[in-house]
2 protein chains.
Amino acid sequence: MPKSGGDRDIESKRHTLAHLLAAAVLEKFPKAKLGMGPAVEDGFYYDFDLKESITPQDLPKLEKRMRQLIRDGLETKGEKISSAKAKTLFKDQPYKLELIKDFSKDKKQLTVYKTGEVFKDLCRGGHTKKTSEINPEAFRLTRLAGAYWKGDEKNKQLQRVYGVAFETKKELEGYLEAQEEAKRRDHRRLGQELDLFTFSDMVGAGLPLFTPKGTVIRNELQKALLEISSKYDMLPTTIPHIAKRVLYETSGHADKFGDELIDVKSHYDEFVMKPVNCPHHTQIYASRPRSYRDLPLRYMESTMQYRDEKPGEISGLTRVRAITVDDGHIFCRVDQIEEEAKNIAKIIEEFYKGVGLWGDHWVSLSVRDPKNKKGYIGSDQDWDKAEKMLAKISKDLKLDTKRIEGEAAIYGPKLDYMFKDSLGREFQLATIQIDFAMPGRFKLTYTDEKGKEVTPVIIHRAILGSYERFMAILIEHFAGAFPTWLSPVQVRVLAVSEKFQGYAKEIAKSLKEANIRTELTEADETLGKRIRESETSKVPYTIIVGEKEKKNKEISVRERGKGDIGSKKFSTFLKSLRTEIDKRQ
Amino acid sequence: MPKSGGDRDIESKRHTLAHLLAAAVLEKFPKAKLGMGPAVEDGFYYDFDLKESITPQDLPKLEKRMRQLIRDGLETKGEKISSAKAKTLFKDQPYKLELIKDFSKDKKQLTVYKTGEVFKDLCRGGHTKKTSEINPEAFRLTRLAGAYWKGDEKNKQLQRVYGVAFETKKELEGYLEAQEEAKRRDHRRLGQELDLFTFSDMVGAGLPLFTPKGTVIRNELQKALLEISSKYDMLPTTIPHIAKRVLYETSGHADKFGDELIDVKSHYDEFVMKPVNCPHHTQIYASRPRSYRDLPLRYMESTMQYRDEKPGEISGLTRVRAITVDDGHIFCRVDQIEEEAKNIAKIIEEFYKGVGLWGDHWVSLSVRDPKNKKGYIGSDQDWDKAEKMLAKISKDLKLDTKRIEGEAAIYGPKLDYMFKDSLGREFQLATIQIDFAMPGRFKLTYTDEKGKEVTPVIIHRAILGSYERFMAILIEHFAGAFPTWLSPVQVRVLAVSEKFQGYAKEIAKSLKEANIRTELTEADETLGKRIRESETSKVPYTIIVGEKEKKNKEISVRERGKGDIGSKKFSTFLKSLRTEIDKRQ
């Protein structure tokens with residue numbers, strides 16, 4: 001997505017376009033009552049209260065009128081006005097009157113902005129001087145939506161018209177194309193098409209059911225995490241999905257999540273669905289006495305946690321109620337933080353190389369705001385030590401790091417990894433967080449060399465974050481064409497005709513025995529149709545066998561995106577496929 | 001455990017012993033009020049209400065007195081009596097008076113049994129004619145417990161004295177020894193000692209936390225199930241742990257479980273914790289149209305389900321609230337039942353050979369009670385077909401099968417596998433169940449060859465049942481000495497002294513790189529102590545290296561239970577270890 005926020009010029013244009021939109025709507029619907037109309041990322045919107053519904057068919061007409069107003073070269077003029085004058089000026093506009101009242105109560109200076117003679121608005125300003133500064137071919141009204149006045153569900157719902165706007169027509173086209181591409185790649189659509197996951201009204205919103213194919217992707221991701229992490233002695237644990245409320249009162253999460261915690265009504269105990277996993281892991285640590293020589297203890301687990309998301313905020317796999325977190329907690333001494341955090345950074349690097357997101361990323365070294373150290377837990381000395389360690393790791397591993405003040409967790413500094421997908425969208429995914437607070441809350445200790453009881457540190461780490469969100473990102477990043485190691489079906493085998501189905505079956509059997517995820521199709525459709533079908537289902541390799549292949553004991557191979565890559569000995573193909581999968585290429 | 005129930009003779013002796021126990025208690029505590037005192041499996045008990053506490057120190061004294069009464073050769077005499085006479089006879093025994101009232105209300109004949117002149121009881125009879133028929137050396141008072149009058153928590157708690165009794169002293173000793181052995185093997189004790197799992201008051205009762213070592217066992221079991229099942233194209237799925245209540249209203253589980261269902265208090269939907277997994281799986285089946293050619297669809301999943309067990313009934317891993325089920329559901333056509341069920345039977349055989357329980361088992365072909373076909377769902381024709389198929393499979397696979405009438409599920413016949421552990425205790429574990437009912441409840445269909453919508457069949461299958469219960473059984477079966485493939489630590493490496501720690505480290509590294517779960521100990525204790533420690537922790541192999549081993553580039557190996565098995569080349573050891581693990585020997 002082309003970046004365009006933050007630029008003052010384009011923001012003025014967008015804001016002015018919002019006013020022109022309102023002017024056009026008022027011309028068409030003189031009784032329309034105006035809500036608010038700001039510039040936003042990539043464009044602008046305006047909210048209207050009117051009896052008639054603005055329809056998609058109205059948008060080109062409104063655009064046309066806005067283009068005329070741009071060409072008219074209207075001047076924008078702003079002036080301070082008194083509350084009394086404002087009330088007269090906007091006497092027919094009840095929402096504006098409400099704003100005037102709000103502003104007066106807050107003793108704010110009121111300003112009014114006029115666009116030529118066609119429109120006036122109660123507005124803080126930030127417009128082009130003349131409408132003709134705007135490129136009339138570089139904006140588009142894109143969609144309609146309902147929006148509550150002041151964003152409050154208790155208020156009336158207004159009609160919102162969204163527009164996008166850029167400096168040039170080319171930029172606009174690029175943006176619209178990227179939007180179209182994003183729609184094509186939408187994981188909700190592809191998830192259904194490729195049979196990866198589903199939702200059921202009887203199970204409930206935000207609770208995805210992963211089909212066998214979707215589960216392959218989850219399990220391959222988990223296997224990769226386990227394999228890479230085991231090199232650094234991270235050990236899987238297993239915890240339940242509920243706990244007594246007191247666990248989260250102790251950890252502080254009951255306060256933090258408040259109403260988002262989901263009560264579980266046992267007849268005997270006061271349980272809640274776990275919203276996070278660290279408190280459970282502290283209880284494994286606490287299950288026996290620990291000595292300085294036992295540390296570090298490194299627990300990892302892919303487990304579902306639950307949040308009571310609002311139905312309106314639930315969306316596909318990006319916002320769910322059952323969130324499978326790839327969670328990990330390292331209980332260690334302060335002098336072990338550096339090595340442990342560095343090892344996590346190495347795990348992150350290896351994993352993201354495997355999923356193809358390594359390279360176009362940066363890392364935020366999130367530290368305290370030095371001007372406001374209140375509200376953070378832990379001693380200055382520990383904070384400085386931890387920050388220096390994280391900075392050193394970034395340097396040693398040559399991470400593209402920015403030090404961001406005020407972004408630390410309350411319990412310690414962290415490294416947050418920001419990755420970009422193939423559409424240029426940025427996601428915060430992996431994280432390494434130093435925690436000086438929680439071990440104390442749970443009174444965790446270890447015995448040091450001198451026999452003294454000391455509080456350990458916890459390093460929280462996530463590599464991929466939530467499996468659901470990560471899968472949504474991967475599906476859209478690859479547009480469903482996953483690397484072979486992640487593909488639910490890795491090879492499809494087709495016989496040219498029924499006559500060679502036996503040979504096709506043999507090949508499929510050999511592949512299956514070699515642990516290659518294989519599908520054999522029946523020769524009941526034309527070969528061309530079956531090849532096309534194999535391609536739309538995004539299978540990495542399609543093997544085709546007929547007379548020639550059977551005779552020469554070979555196979556013909558088509559590679560996804562490349563087409564026919566020729567005939568090969570089966571063993572040669574299998575060997576290179578094995579390497580590709582095992583190396584996660 | 002020697003079996004002894006069901007034998008009339010021994011039951012009479014146990015019942016008589018209960019009366020002698022009461023007689024002895026009354027002599028010692030004349031104010032004791034008598035509850036009930038029946039024969040039970042392996043022995044007998046009697047309940048008493050008295051101010052003083054009966055202590056473990058009292059038991060040998062009571063036993064001594066009972067032995068005397070046995071030798072006295074007292075005769076037992078029973079007679080019918082009227083309610084009025086009974087009330088006079090037991091005027092000092094309020095619990096007996098309550099029973100007399102109950103019996104009179106039910107118009108039951110009252111009988112009184114006298115043991116010589118020392119004791120009389122309101123009793124249905126079933127005694128030895130003379131106390132001297134009892135072997136005075138073949139019984140033992142074993143323990144004290146609290147027990148509510150009539151088993152009702154609302155009633156007063158009485159003091160219960162338990163005894164065990166057999167025909168011969170040898171049988172008694174065998175029984176007590178087996179009890180001791182069971183105590184030594186108790187999975188709760190070994191689970192703590194071997195650091196396999198733990199419980200936390202803050203997490204809650206019945207919610208085990210599996211440590212890294214316990215998780216190894218769970219994961220190895222799951223890996224074995226996946227590997228074996230994948231040969232038969234069972235495919236893993238992933239479902240959440242909650243669902244809307246309507247899902248279980250539709251499946252019928254809401255009725256079945258009633259109060260045991262655990263409500264989940266979302267602010268937006270009425271959820272419950274899932275008590276079973278089949279309804280979720282039906283929703284994956286229902287997510288797209290299915291044709292006869294798509295079937296069978298075989299879903300499998302190891303996932304936690306939740307039951308609201310009473311705190312008093314929760315015990316170790318055998319009765320938990322978070323139950324990880326190895327669940328599987330095959331959606332198929334009627335004509336596919338035989339092959340599918342046979343494949344599951346093959347999976348069961350391979351799996352149980354791997355865990356060492358195959359051999360000493362039998363299979364129940366659980367069918368309808370032919371005299372009472374009401375309450376079962378499905379047509380006679382389908383039932384007959386399914387039963388014949390299961391019988392044929394049993395025969396084809398030479399399973400030791402008994403046809404048990406009246407044990408079918410309401411929705412279809414099943415094969416239940418009964419396995420014995422090393423203490424001779426029998427457990428129902430694997431199951432194959434044909435279900436004609438649930439697919440219809442969820443309106444599942446597939447399109448048959450003629451384009452007609454037909455209801456599929458579901459085969460429910462579990463191989464190990466619940467991971468928690470299965471682990472409890474395995475821990476006790478193996479007394480913690482798991483086969484190598486299941487052992488949390490497979491090899492421990494010890495250096496004779498600090499000087500050879502470098503070589504030990506090299507060996508440990510090579511093992512780890514070969515995916516062998518390895519522990520390297522520091523050479524900070526005497527070698528003897530470290531060897532003993534390795535043995536009590538039940539590690540299958542201990543490698544010891546010193547001067548000689550380093551020089552010859554060899555290793556010395558100790559095998560669990562066998563001791564020193566000599567020096568070997570590392571590669572020879574590794575190769576045979578690899579085979580042992582991969583073949584699950």
# chains A, B, ... in the order shown; residues from 1 in each chain; ligands from 1
$ select_by_dssp --residues "range 445-583 of chain A" --states "alpha helix (DSSP H)" --output "ChimeraX atom specification"
/A:467-477,501-513,527-536,547-552,570-582
$ residues_around --residues "Ser251 in chain A" --least-positions-apart "5" --cutoff "7 Å" --atoms "only C-alpha atoms" --output "list in words"
Pro279, Met438 and Arg441 of chain A
$ closest_atom_pairs --of "chain B" --to "chain A" --cutoff "6 Å" --atoms "only C-alpha atoms" --output "CSV"
residue,atom,partner,partner_atom,distance
B:Met202,CA,A:Leu247,CA,5.1
B:Val203,CA,A:Ala243,CA,4.3
B:Gly204,CA,A:Lys244,CA,5.8
B:Leu209,CA,A:Ile239,CA,4.9
B:Phe210,CA,A:Thr238,CA,4.9
B:Thr211,CA,A:Thr237,CA,5.3
B:Pro212,CA,A:Thr237,CA,4.9
B:Thr215,CA,A:Thr237,CA,5.4
B:Leu235,CA,A:Pro212,CA,5.6
B:Pro236,CA,A:Pro212,CA,5.5
B:Thr237,CA,A:Pro212,CA,4.9
B:Thr238,CA,A:Phe210,CA,4.9
B:Ile239,CA,A:Leu209,CA,4.9
B:Ala243,CA,A:Val203,CA,4.3
B:Lys244,CA,A:Val203,CA,5.2
B:Leu247,CA,A:Met202,CA,5.1
B:Ile262,CA,A:Ser266,CA,5.7
B:Asp263,CA,A:Lys265,CA,5.1
B:Val264,CA,A:Val264,CA,4.6
B:Lys265,CA,A:Asp263,CA,5.1
B:Ser266,CA,A:Ile262,CA,5.7
$ write_last_selection --atoms "C-alpha atoms" --output "CSV table (one decimal), in the first residue's frame"
chain,number,residue,atom,x,y,z
B,202,MET,CA,-4.2,-21.0,42.0
B,203,VAL,CA,-5.0,-22.9,38.8
B,204,GLY,CA,-7.5,-25.3,40.5
B,209,LEU,CA,0.0,-28.7,34.5
B,210,PHE,CA,2.3,-31.0,32.5
B,211,THR,CA,6.0,-30.2,33.0
B,212,PRO,CA,8.4,-30.5,30.1
B,215,THR,CA,4.7,-33.3,28.0
B,235,LEU,CA,-6.4,-36.3,9.2
B,236,PRO,CA,-5.8,-33.9,12.1
B,237,THR,CA,-8.3,-31.1,12.6
B,238,THR,CA,-8.3,-28.2,15.2
B,239,ILE,CA,-11.3,-27.0,17.1
B,243,ALA,CA,-19.3,-23.6,21.6
B,244,LYS,CA,-22.7,-22.2,21.8
B,247,LEU,CA,-24.6,-27.2,19.4
B,262,ILE,CA,-19.9,-25.8,32.3
B,263,ASP,CA,-21.4,-22.4,31.3
B,264,VAL,CA,-19.0,-19.8,29.8
B,265,LYS,CA,-20.2,-16.3,30.5
B,266,SER,CA,-19.4,-14.3,27.4
$ atom_distance --atom1 "CA of Pro289 in chain B" --atom2 "CA of Asp448 in chain B"
11.7 Å
$ select_by_dssp --residues "range 270-397 of chain A" --states "strand (DSSP E or B)" --output "JSON, numbers by chain"
{"A": [270, 271, 272, 273, 291, 297, 298, 299, 300, 301, 302, 303, 304, 305, 306, 315, 319, 322, 323, 324, 325, 326, 327, 328, 329, 330, 331, 332, 361, 362, 363, 364, 365, 366, 367]}
$ write_last_selection --atoms "N, CA, C and O atoms" --output "tab-separated table (two decimals), in the first residue's frame"
chain	number	residue	atom	x	y	z
A	270	GLU	N	-14.46	-20.70	41.15
A	270	GLU	CA	-14.63	-19.53	40.31
A	270	GLU	C	-13.52	-19.51	39.26
A	270	GLU	O	-12.41	-19.06	39.53
A	271	PHE	N	-13.83	-20.03	38.07
A	271	PHE	CA	-12.83	-20.11	37.02
A	271	PHE	C	-13.02	-18.99	36.00
A	271	PHE	O	-14.10	-18.41	35.87
A	272	VAL	N	-11.95	-18.73	35.23
A	272	VAL	CA	-12.07	-17.90	34.02
A	272	VAL	C	-11.31	-18.59	32.90
A	272	VAL	O	-10.41	-19.40	33.15
A	273	MET	N	-11.67	-18.28	31.65
A	273	MET	CA	-10.90	-18.74	30.50
A	273	MET	C	-9.56	-18.02	30.55
A	273	MET	O	-9.53	-16.81	30.79
A	291	SER	N	17.31	-24.21	41.96
A	291	SER	CA	18.62	-23.68	42.32
A	291	SER	C	19.17	-22.89	41.13
A	291	SER	O	18.69	-23.04	40.01
A	297	LEU	N	15.16	-22.11	32.88
A	297	LEU	CA	14.10	-23.06	32.53
A	297	LEU	C	13.31	-22.42	31.40
A	297	LEU	O	12.85	-21.28	31.54
A	298	ARG	N	13.21	-23.13	30.31
A	298	ARG	CA	12.62	-22.52	29.10
A	298	ARG	C	11.38	-23.29	28.68
A	298	ARG	O	11.48	-24.40	28.19
A	299	TYR	N	10.21	-22.71	28.93
A	299	TYR	CA	8.95	-23.37	28.60
A	299	TYR	C	8.38	-22.78	27.31
A	299	TYR	O	8.39	-21.56	27.13
A	300	MET	N	7.86	-23.62	26.45
A	300	MET	CA	7.17	-23.12	25.27
A	300	MET	C	5.91	-23.93	25.04
A	300	MET	O	5.84	-25.10	25.42
A	301	GLU	N	4.92	-23.31	24.45
A	301	GLU	CA	3.66	-24.00	24.27
A	301	GLU	C	2.80	-23.27	23.25
A	301	GLU	O	2.71	-22.05	23.27
A	302	SER	N	2.20	-24.04	22.36
A	302	SER	CA	1.20	-23.47	21.46
A	302	SER	C	-0.14	-23.85	22.03
A	302	SER	O	-0.51	-25.01	22.04
A	303	THR	N	-0.86	-22.88	22.53
A	303	THR	CA	-2.08	-23.18	23.28
A	303	THR	C	-3.11	-22.09	23.04
A	303	THR	O	-2.75	-20.94	22.79
A	304	MET	N	-4.39	-22.47	23.11
A	304	MET	CA	-5.44	-21.48	22.87
A	304	MET	C	-5.72	-20.66	24.12
A	304	MET	O	-5.83	-21.21	25.20
A	305	GLN	N	-5.85	-19.36	23.95
A	305	GLN	CA	-6.33	-18.50	25.02
A	305	GLN	C	-7.57	-17.78	24.50
A	305	GLN	O	-7.79	-17.71	23.29
A	306	TYR	N	-8.38	-17.27	25.42
A	306	TYR	CA	-9.70	-16.77	25.02
A	306	TYR	C	-9.92	-15.32	25.44
A	306	TYR	O	-9.55	-14.93	26.55
A	315	SER	N	-13.36	-10.70	13.07
A	315	SER	CA	-13.17	-10.72	11.62
A	315	SER	C	-12.24	-11.84	11.22
A	315	SER	O	-11.08	-11.86	11.61
A	319	ARG	N	-9.21	-11.39	13.95
A	319	ARG	CA	-9.72	-11.05	15.28
A	319	ARG	C	-10.65	-12.17	15.70
A	319	ARG	O	-11.78	-12.27	15.20
A	322	ALA	N	-10.90	-17.39	20.13
A	322	ALA	CA	-9.98	-18.47	20.52
A	322	ALA	C	-8.67	-18.23	19.79
A	322	ALA	O	-8.59	-18.42	18.59
A	323	ILE	N	-7.67	-17.78	20.54
A	323	ILE	CA	-6.41	-17.34	19.95
A	323	ILE	C	-5.34	-18.35	20.32
A	323	ILE	O	-5.03	-18.53	21.50
A	324	THR	N	-4.77	-19.03	19.32
A	324	THR	CA	-3.70	-19.98	19.62
A	324	THR	C	-2.38	-19.24	19.64
A	324	THR	O	-1.90	-18.79	18.60
A	325	VAL	N	-1.81	-19.10	20.82
A	325	VAL	CA	-0.59	-18.33	20.95
A	325	VAL	C	0.61	-19.28	20.96
A	325	VAL	O	0.58	-20.33	21.58
A	326	ASP	N	1.64	-18.88	20.23
A	326	ASP	CA	2.92	-19.58	20.31
A	326	ASP	C	3.66	-18.88	21.43
A	326	ASP	O	4.33	-17.88	21.22
A	327	ASP	N	3.47	-19.38	22.64
A	327	ASP	CA	3.96	-18.65	23.80
A	327	ASP	C	5.23	-19.30	24.35
A	327	ASP	O	5.43	-20.49	24.20
A	328	GLY	N	6.06	-18.50	24.97
A	328	GLY	CA	7.26	-19.05	25.56
A	328	GLY	C	7.72	-18.18	26.71
A	328	GLY	O	7.60	-16.95	26.65
A	329	HIS	N	8.21	-18.82	27.77
A	329	HIS	CA	8.69	-18.09	28.94
A	329	HIS	C	9.97	-18.70	29.43
A	329	HIS	O	10.02	-19.89	29.69
A	330	ILE	N	10.97	-17.86	29.53
A	330	ILE	CA	12.26	-18.32	30.03
A	330	ILE	C	12.46	-17.75	31.41
A	330	ILE	O	12.39	-16.53	31.60
A	331	PHE	N	12.64	-18.62	32.38
A	331	PHE	CA	12.91	-18.20	33.76
A	331	PHE	C	14.42	-18.25	33.94
A	331	PHE	O	15.01	-19.33	33.84
A	332	CYS	N	15.04	-17.10	34.17
A	332	CYS	CA	16.50	-17.10	34.23
A	332	CYS	C	17.04	-16.08	35.22
A	332	CYS	O	16.29	-15.30	35.81
A	361	HIS	N	12.26	-6.08	7.10
A	361	HIS	CA	11.71	-5.93	8.44
A	361	HIS	C	12.60	-4.98	9.25
A	361	HIS	O	13.72	-4.67	8.86
A	362	TRP	N	12.08	-4.49	10.34
A	362	TRP	CA	12.89	-3.74	11.29
A	362	TRP	C	12.47	-4.10	12.70
A	362	TRP	O	11.46	-4.78	12.90
A	363	VAL	N	13.29	-3.67	13.67
A	363	VAL	CA	13.05	-4.07	15.05
A	363	VAL	C	12.96	-2.83	15.94
A	363	VAL	O	13.79	-1.93	15.83
A	364	SER	N	11.94	-2.80	16.76
A	364	SER	CA	11.80	-1.70	17.70
A	364	SER	C	12.40	-2.11	19.05
A	364	SER	O	11.96	-3.08	19.66
A	365	LEU	N	13.44	-1.37	19.48
A	365	LEU	CA	13.94	-1.54	20.85
A	365	LEU	C	13.07	-0.62	21.71
A	365	LEU	O	13.28	0.60	21.74
A	366	SER	N	12.06	-1.22	22.32
A	366	SER	CA	11.04	-0.43	23.00
A	366	SER	C	11.45	-0.22	24.45
A	366	SER	O	11.53	-1.18	25.22
A	367	VAL	N	11.73	1.04	24.80
A	367	VAL	CA	12.24	1.35	26.14
A	367	VAL	C	11.32	2.34	26.85
A	367	VAL	O	10.35	2.83	26.26
$ residues_around --residues "range 423-425 of chain B" --least-positions-apart "3" --cutoff "8 Å" --atoms "only C-alpha atoms" --output "ChimeraX atom specification"
/B:1,178,182,420,477
$ write_last_selection --atoms "N, CA, C and O atoms" --output "PDB file, in the first residue's frame"
ATOM      1  N   MET B   1      -4.169 -57.542  41.249  1.00  0.00           N
ATOM      2  CA  MET B   1      -4.997 -57.693  42.439  1.00  0.00           C
ATOM      3  C   MET B   1      -5.734 -59.023  42.345  1.00  0.00           C
ATOM      4  O   MET B   1      -6.414 -59.245  41.353  1.00  0.00           O
ATOM      5  N   ALA B 178       0.139 -56.569  46.923  1.00  0.00           N
ATOM      6  CA  ALA B 178      -0.290 -55.888  45.699  1.00  0.00           C
ATOM      7  C   ALA B 178      -0.689 -54.448  46.010  1.00  0.00           C
ATOM      8  O   ALA B 178      -0.410 -53.525  45.239  1.00  0.00           O
ATOM      9  N   ALA B 182       0.969 -51.216  44.486  1.00  0.00           N
ATOM     10  CA  ALA B 182       0.162 -50.177  43.829  1.00  0.00           C
ATOM     11  C   ALA B 182       0.486 -48.811  44.424  1.00  0.00           C
ATOM     12  O   ALA B 182       0.555 -47.809  43.716  1.00  0.00           O
ATOM     13  N   LYS B 420      -5.193 -55.137  30.338  1.00  0.00           N
ATOM     14  CA  LYS B 420      -4.756 -55.365  31.719  1.00  0.00           C
ATOM     15  C   LYS B 420      -3.378 -54.757  31.933  1.00  0.00           C
ATOM     16  O   LYS B 420      -2.512 -54.875  31.077  1.00  0.00           O
ATOM     17  N   HIS B 477       1.691 -48.832  35.403  1.00  0.00           N
ATOM     18  CA  HIS B 477       2.047 -50.084  34.724  1.00  0.00           C
ATOM     19  C   HIS B 477       3.565 -50.258  34.674  1.00  0.00           C
ATOM     20  O   HIS B 477       4.098 -51.320  34.972  1.00  0.00           O
TER      21      HIS B 477
END
$ residues_around --residues "range 492-496 of chain A" --least-positions-apart "5" --cutoff "12 Å" --atoms "only C-alpha atoms" --output "PyMOL selection string"
chain A and resi 487+501-512+516-535+537-550+555-560
$ residues_around --residues "Leu444 in chain A" --least-positions-apart "4" --cutoff "7 Å" --atoms "only C-alpha atoms" --output "JSON, numbers by chain"
{"A": [286, 439, 440, 455, 456]}
